[in-house]
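Reproduced below: coords.tsv, with TSV, C-alpha atoms (C1' of nucleotides).
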chain	number	residue	atom	x	y	z
A	1	MET	CA	0.00	0.00	0.00
A	2	SER	CA	2.88	2.32	0.74
A	3	THR	CA	4.34	1.71	-2.69
A	4	VAL	CA	1.05	2.62	-4.34
A	5	PHE	CA	0.66	5.84	-2.39
A	6	LYS	CA	4.28	6.70	-2.96
A	7	ALA	CA	3.71	6.23	-6.67
A	8	LEU	CA	0.65	8.47	-6.52
A	9	ALA	CA	2.52	11.20	-4.68
A	10	ASP	CA	4.11	12.45	-7.89
A	11	PRO	CA	2.10	14.53	-10.39
A	12	THR	CA	3.91	13.12	-13.40
A	13	ARG	CA	3.14	9.59	-12.34
A	14	ARG	CA	-0.51	10.42	-11.72
A	15	LYS	CA	-0.66	11.94	-15.18
A	16	VAL	CA	0.78	8.79	-16.70
A	17	LEU	CA	-1.85	6.71	-14.96
A	18	GLU	CA	-4.58	9.01	-16.20
A	19	LEU	CA	-3.29	8.80	-19.75
A	20	LEU	CA	-3.13	5.04	-19.56
A	21	ARG	CA	-6.68	4.98	-18.34
A	22	GLU	CA	-7.77	5.93	-21.86
A	23	LYS	CA	-5.68	3.33	-23.63
A	24	PRO	CA	-2.32	1.57	-23.43
A	25	MET	CA	0.52	3.72	-24.74
A	26	THR	CA	4.17	3.32	-25.58
A	27	ALA	CA	6.87	5.04	-23.58
A	28	GLY	CA	7.39	7.41	-26.47
A	29	GLU	CA	3.75	8.39	-26.72
A	30	LEU	CA	3.60	9.02	-23.00
A	31	ALA	CA	6.75	11.10	-23.25
A	32	GLU	CA	5.00	13.46	-25.66
A	33	HIS	CA	2.62	14.45	-22.89
A	34	VAL	CA	5.11	15.40	-20.23
A	35	VAL	CA	7.90	17.95	-20.04
A	36	ILE	CA	10.76	15.86	-18.71
A	37	THR	CA	13.41	13.80	-20.45
A	38	LYS	CA	12.73	10.23	-21.45
A	39	ALA	CA	15.36	9.06	-19.02
A	40	THR	CA	13.52	10.66	-16.13
A	41	LEU	CA	10.21	9.35	-17.34
A	42	SER	CA	11.69	5.92	-17.55
A	43	SER	CA	12.55	6.01	-13.87
A	44	HIS	CA	8.99	7.07	-13.10
A	45	PHE	CA	7.88	3.99	-15.03
A	46	ALA	CA	10.05	1.92	-12.76
A	47	VAL	CA	8.25	3.29	-9.71
A	48	LEU	CA	4.87	2.55	-11.24
A	49	LYS	CA	6.01	-0.93	-12.12
A	50	ALA	CA	7.33	-1.51	-8.60
A	51	ALA	CA	3.87	-0.66	-7.33
A	52	SER	CA	2.36	-3.04	-9.91
A	53	LEU	CA	0.28	-0.17	-11.20
A	54	VAL	CA	1.37	-0.81	-14.79
A	55	SER	CA	2.48	-3.76	-16.85
A	56	THR	CA	4.53	-3.76	-20.02
A	57	VAL	CA	4.37	-5.53	-23.34
A	58	LYS	CA	7.32	-5.48	-25.70
A	59	GLU	CA	6.41	-5.24	-29.36
A	60	GLY	CA	9.52	-5.13	-31.45
A	61	THR	CA	11.32	-1.95	-30.61
A	62	THR	CA	8.62	-0.36	-28.53
A	63	ILE	CA	7.33	-1.01	-25.05
A	64	THR	CA	3.68	-0.50	-24.38
A	65	TYR	CA	2.47	0.36	-20.91
A	66	HIS	CA	-0.85	-0.86	-19.64
A	67	LEU	CA	-2.67	0.40	-16.58
A	68	ARG	CA	-3.39	-2.25	-13.98
A	69	LEU	CA	-6.67	-0.71	-12.96
A	70	SER	CA	-7.53	-3.56	-10.61
A	71	VAL	CA	-4.40	-2.98	-8.55
A	72	LEU	CA	-5.16	0.69	-8.19
A	73	GLU	CA	-8.76	-0.02	-7.36
A	74	GLU	CA	-7.84	-2.63	-4.79
A	75	ALA	CA	-5.50	-0.23	-3.02
A	76	MET	CA	-8.14	2.49	-3.00
A	77	LEU	CA	-10.72	0.02	-1.82
A	78	ASP	CA	-8.55	-1.16	1.07
A	79	PHE	CA	-7.73	2.35	2.13
A	80	THR	CA	-11.15	3.93	1.83
A	81	ARG	CA	-12.67	1.06	3.75
A	82	LEU	CA	-10.55	2.05	6.73
A	83	PHE	CA	-12.47	5.28	6.85
A	84	GLY	CA	-15.89	3.86	6.41
A	85	TRP	CA	-16.22	4.84	2.81
A	86	THR	CA	-17.57	2.84	-0.07
A	87	LEU	CA	-15.91	2.91	-3.45
A	88	SER	CA	-17.81	1.71	-6.47
A	89	SER	CA	-16.81	1.44	-10.10
A	90	SER	CA	-19.17	3.08	-12.51
A	91	GLU	CA	-17.85	1.09	-15.43
A	92	THR	CA	-17.40	-2.51	-14.39
A	93	SER	CA	-17.65	-4.52	-17.58
A	94	GLU	CA	-14.22	-5.50	-18.84
A	95	VAL	CA	-13.39	-8.85	-17.30
A	96	THR	CA	-12.29	-9.83	-20.78
A	97	GLU	CA	-8.59	-9.67	-19.89
B	1	MET	CA	-3.06	16.39	-3.80
B	2	SER	CA	0.58	15.45	-3.90
B	3	THR	CA	1.03	16.44	-0.28
B	4	VAL	CA	-1.87	14.25	0.76
B	5	PHE	CA	-0.57	11.21	-1.10
B	6	LYS	CA	2.91	11.87	0.20
B	7	ALA	CA	1.51	11.89	3.70
B	8	LEU	CA	-0.32	8.64	3.05
B	9	ALA	CA	2.78	6.96	1.70
B	10	ASP	CA	4.13	6.32	5.20
B	11	PRO	CA	2.70	3.50	7.35
B	12	THR	CA	3.19	5.39	10.61
B	13	ARG	CA	1.28	8.35	9.28
B	14	ARG	CA	-1.53	6.17	8.00
B	15	LYS	CA	-1.72	4.56	11.42
B	16	VAL	CA	-1.97	7.97	13.08
B	17	LEU	CA	-4.84	8.90	10.79
B	18	GLU	CA	-6.61	5.65	11.58
B	19	LEU	CA	-6.20	6.20	15.29
B	20	LEU	CA	-7.52	9.73	15.00
B	21	ARG	CA	-10.50	8.43	13.13
B	22	GLU	CA	-11.76	6.97	16.39
B	23	LYS	CA	-11.25	10.11	18.41
B	24	PRO	CA	-8.91	13.07	18.81
B	25	MET	CA	-5.77	12.16	20.73
B	26	THR	CA	-2.80	13.94	22.22
B	27	ALA	CA	0.69	13.55	20.82
B	28	GLY	CA	1.56	11.48	23.87
B	29	GLU	CA	-1.35	9.11	23.45
B	30	LEU	CA	-0.53	8.62	19.80
B	31	ALA	CA	3.08	7.98	20.72
B	32	GLU	CA	2.01	5.00	22.83
B	33	HIS	CA	0.81	3.25	19.70
B	34	VAL	CA	3.94	3.50	17.60
B	35	VAL	CA	7.51	2.33	18.04
B	36	ILE	CA	9.45	5.44	17.19
B	37	THR	CA	10.65	8.33	19.32
B	38	LYS	CA	8.39	11.23	20.06
B	39	ALA	CA	10.66	13.53	18.14
B	40	THR	CA	10.28	11.43	15.02
B	41	LEU	CA	6.56	11.22	15.52
B	42	SER	CA	6.48	14.96	15.86
B	43	SER	CA	7.98	15.34	12.43
B	44	HIS	CA	5.38	12.99	11.03
B	45	PHE	CA	2.77	15.28	12.58
B	46	ALA	CA	4.34	18.13	10.67
B	47	VAL	CA	3.87	16.28	7.41
B	48	LEU	CA	0.24	15.56	8.23
B	49	LYS	CA	-0.29	19.17	9.19
B	50	ALA	CA	1.33	20.36	5.96
B	51	ALA	CA	-1.20	18.26	4.10
B	52	SER	CA	-3.98	19.73	6.25
B	53	LEU	CA	-4.96	16.23	7.25
B	54	VAL	CA	-4.90	17.09	10.94
B	55	SER	CA	-5.48	20.13	13.07
B	56	THR	CA	-4.26	20.83	16.57
B	57	VAL	CA	-5.72	22.22	19.75
B	58	LYS	CA	-3.49	23.26	22.63
B	59	GLU	CA	-4.90	22.52	26.06
B	60	GLY	CA	-2.46	23.53	28.70
B	61	THR	CA	0.58	21.38	28.33
B	62	THR	CA	-0.81	18.96	25.81
B	63	ILE	CA	-1.60	19.20	22.13
B	64	THR	CA	-4.54	17.29	20.82
B	65	TYR	CA	-4.61	16.18	17.21
B	66	HIS	CA	-7.85	16.03	15.28
B	67	LEU	CA	-8.38	14.28	11.97
B	68	ARG	CA	-9.59	16.56	9.18
B	69	LEU	CA	-11.72	13.89	7.62
B	70	SER	CA	-13.17	16.27	5.06
B	71	VAL	CA	-9.76	17.06	3.64
B	72	LEU	CA	-8.92	13.41	3.27
B	73	GLU	CA	-12.28	12.69	1.75
B	74	GLU	CA	-11.98	15.55	-0.70
B	75	ALA	CA	-8.60	14.33	-1.91
B	76	MET	CA	-9.90	10.80	-2.31
B	77	LEU	CA	-12.97	12.10	-4.07
B	78	ASP	CA	-10.93	14.14	-6.52
B	79	PHE	CA	-8.64	11.28	-7.27
B	80	THR	CA	-11.14	8.48	-7.57
B	81	ARG	CA	-13.28	10.61	-9.84
B	82	LEU	CA	-10.42	10.64	-12.33
B	83	PHE	CA	-10.85	6.93	-12.70
B	84	GLY	CA	-14.60	6.91	-12.96
B	85	TRP	CA	-15.18	5.71	-9.47
B	86	THR	CA	-17.70	6.91	-6.98
B	87	LEU	CA	-16.83	7.37	-3.33
B	88	SER	CA	-19.59	7.61	-0.79
B	89	SER	CA	-19.44	8.13	2.95
B	90	SER	CA	-21.41	5.67	4.96
B	91	GLU	CA	-21.38	7.92	8.00
B	92	THR	CA	-22.00	11.48	6.96
B	93	SER	CA	-23.48	13.26	9.92
B	94	GLU	CA	-20.95	15.57	11.50
B	95	VAL	CA	-21.23	18.91	9.77
B	96	THR	CA	-21.24	20.40	13.24
B	97	GLU	CA	-17.79	21.91	12.84
C	1	DC	C1'	27.08	-5.38	-41.07
C	2	DT	C1'	25.65	-0.50	-40.41
C	3	DC	C1'	22.43	2.94	-39.30
C	4	DC	C1'	18.29	4.67	-37.17
C	5	DT	C1'	14.78	4.57	-33.67
C	6	DA	C1'	12.92	3.37	-29.02
C	7	DT	C1'	13.86	2.77	-24.48
C	8	DT	C1'	16.58	1.88	-20.49
C	9	DT	C1'	20.73	2.07	-17.68
C	10	DC	C1'	24.67	4.58	-15.77
C	11	DG	C1'	26.88	8.05	-13.21
C	12	DA	C1'	26.65	12.44	-11.21
C	13	DT	C1'	24.46	15.94	-8.48
C	14	DG	C1'	21.33	18.27	-5.67
C	15	DT	C1'	17.14	17.85	-2.82
C	16	DT	C1'	14.15	15.68	0.41
C	17	DT	C1'	13.03	12.35	3.89
C	18	DT	C1'	13.68	9.61	7.95
C	19	DT	C1'	15.38	8.99	12.21
C	20	DC	C1'	17.94	9.74	16.27
C	21	DT	C1'	19.84	12.28	20.60
C	22	DA	C1'	20.07	16.38	22.94
C	23	DA	C1'	18.35	20.77	23.88
C	24	DA	C1'	14.67	24.21	24.01
C	25	DT	C1'	9.97	25.75	25.19
C	26	DA	C1'	5.79	25.93	27.68
C	27	DT	C1'	2.62	24.81	31.34
C	28	DC	C1'	1.34	23.40	35.79
C	29	DA	C1'	2.07	22.45	40.71
C	30	DA	C1'	4.26	23.18	44.96
D	1	DT	C1'	11.45	29.82	41.64
D	2	DT	C1'	12.12	24.90	41.06
D	3	DG	C1'	10.80	20.58	39.27
D	4	DA	C1'	8.17	17.51	36.42
D	5	DT	C1'	5.68	16.59	32.21
D	6	DA	C1'	4.41	17.26	27.18
D	7	DT	C1'	5.86	18.46	22.90
D	8	DT	C1'	8.71	20.58	19.47
D	9	DT	C1'	13.06	22.24	17.46
D	10	DA	C1'	17.96	21.80	16.26
D	11	DG	C1'	21.54	19.40	14.33
D	12	DA	C1'	23.50	15.44	12.17
D	13	DA	C1'	23.94	11.33	9.41
D	14	DA	C1'	22.11	7.94	6.28
D	15	DA	C1'	19.00	6.64	2.85
D	16	DA	C1'	15.88	7.62	-0.77
D	17	DC	C1'	14.39	10.52	-4.74
D	18	DA	C1'	14.42	13.39	-8.90
D	19	DT	C1'	16.70	14.80	-12.70
D	20	DC	C1'	19.80	15.20	-16.43
D	21	DG	C1'	23.19	14.08	-20.33
D	22	DA	C1'	25.60	10.41	-22.18
D	23	DA	C1'	26.16	5.70	-23.08
D	24	DA	C1'	24.26	1.05	-23.70
D	25	DT	C1'	20.90	-2.28	-25.55
D	26	DA	C1'	17.80	-4.21	-28.82
D	27	DG	C1'	14.96	-4.40	-33.20
D	28	DG	C1'	14.11	-3.39	-37.80
D	29	DA	C1'	15.52	-1.50	-42.45
D	30	DG	C1'	18.55	-1.44	-45.96
Would you write out, as structure tokens, the structure that this file holds?
Amino acid sequence: MSTVFKALADPTRRKVLELLREKPMTAGELAEHVVITKATLSSHFAVLKAASLVSTVKEGTTITYHLRLSVLEEAMLDFTRLFGWTLSSSETSEVTE
Amino acid sequence: MSTVFKALADPTRRKVLELLREKPMTAGELAEHVVITKATLSSHFAVLKAASLVSTVKEGTTITYHLRLSVLEEAMLDFTRLFGWTLSSSETSEVTE
DNA sequence: CTCCTATTTCGATGTTTTTCTAAATATCAA
DNA sequence: TTGATATTTAGAAAAACATCGAAATAGGAG
């Protein structure tokens, strides 16, 4: 849980997660949306990966990042429960993966 | 939002918030529940205060910490909304403050 | 094989965080 | 005022983080 919150503590990383919410994207595509070097972004990816918030798929020369929505949701669920809150997904339909 | 998540990234700080959820407590009382020095705990308080997650009330020689539930809830609300989730409070009754 | 593109790793540097002990501050009681 | 208690601040050292430019790795094209 600490690793998830630590990952969420950085604006760039939150932005990456938001972008990935729309669709999986390559490191290069993601880089076009932020104002830091690719090297720096790459280390942010490592933090997100350490928190299991994203997964990667290598396709030839590119690496595509996928959001692990369930991991994020689980962490939020666990935490919000501690405070007597209820978290519900509006769009629960893709169990296809 | 970053300050809130940063505050939540530490287990000791999350524990403090959970304890305060039950009732306001003094620094000394909180210290009885964790295994670090009071000085260290005090700096954790500073982080929580910087995130506006707690407020303090001085009563003579003691300082009582109060959870600012609304601030925490607001941050969670803002964040979870980004992912299409809905957060609802089961116990919403204290608007007294 | 050589070159180009995509991405990560390396090495350096500066900042922030965590934690401790010791000292300072403030309040209350005698 | 002196002493005891509650809490924070100061100062220091170690670890973690953020960031960059440059170099390394790996695939595909020619």
* Contact set, chain B to chain D: 10 Å, only C-alpha atoms (C1' of nucleotides), as a list of chain:residue names ->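 Close enough to count are B:Thr26, B:Ala27, B:Gly28, B:Lys38, B:Ala39, B:Ser42, B:Ser43, B:Gly60, B:Thr61, B:Thr62, B:Ile63.
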* To do: Tell me which of C:DC4, C:DA26, C:DC20, C:DA12 sits closest to Leu41 (chain B), counting all atoms listed in the file.
  =>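 The closest residue to Leu41 (chain B) is C:DC20.
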* **Distance query Lys15 (chain B) at most 10 Å, all atoms listed in the file, self and fewer than 6 positions along chain excluded, as a PyMOL selection string** => chain B and resi 8+21+30+33-34
* To do: Hey, list the chain B side of the contact with chain A: 10 Å cut-off, only C-alpha atoms, answer as JSON, numbers by chain.
  => {"B": [1, 2, 3, 4, 5, 6, 7, 8, 9, 10, 11, 14, 17, 18, 21, 22, 69, 72, 73, 76, 77, 79, 80, 81, 82, 83, 84, 85, 86, 87, 88, 89, 90, 91, 92]}
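Take the candidates B:Val71, B:Val16, B:Leu53, B:Ile36 and check each one against chain C using only C-alpha atoms (C1' of nucleotides); the shortest distance goes to B:Ile36.
Coordinates place CA of Arg13 (chain A) at a distance of 12.3 Å from CA of Val35 (chain A).
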* chain C residues near chain B (10 Å cut-off, only C-alpha atoms (C1' of nucleotides)) as JSON, numbers by chain -> {"C": [18, 19, 20, 21, 26, 27, 28]}
* Asked: To one decimal place, how far is CA of Pro24 (chain B) from CA of Glu74 (chain B) in Å?
  ->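 Separation of CA of Pro24 (chain B) and CA of Glu74 (chain B): 19.9 Å.
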* **Å distance separating CA of Val54 (chain A) from CA of Ala75 (chain B), one decimal place** => 22.2 Å
Would you compute an axis-aligned box for region 16-19 of chain D, covering every atom listed for it in the file with 4 Å of margin on each side, and report centre and edge lengths in Å to one decimal as JSON?
{"center_x": 15.5, "center_y": 11.2, "center_z": -6.7, "size_x": 10.3, "size_y": 15.2, "size_z": 19.9}
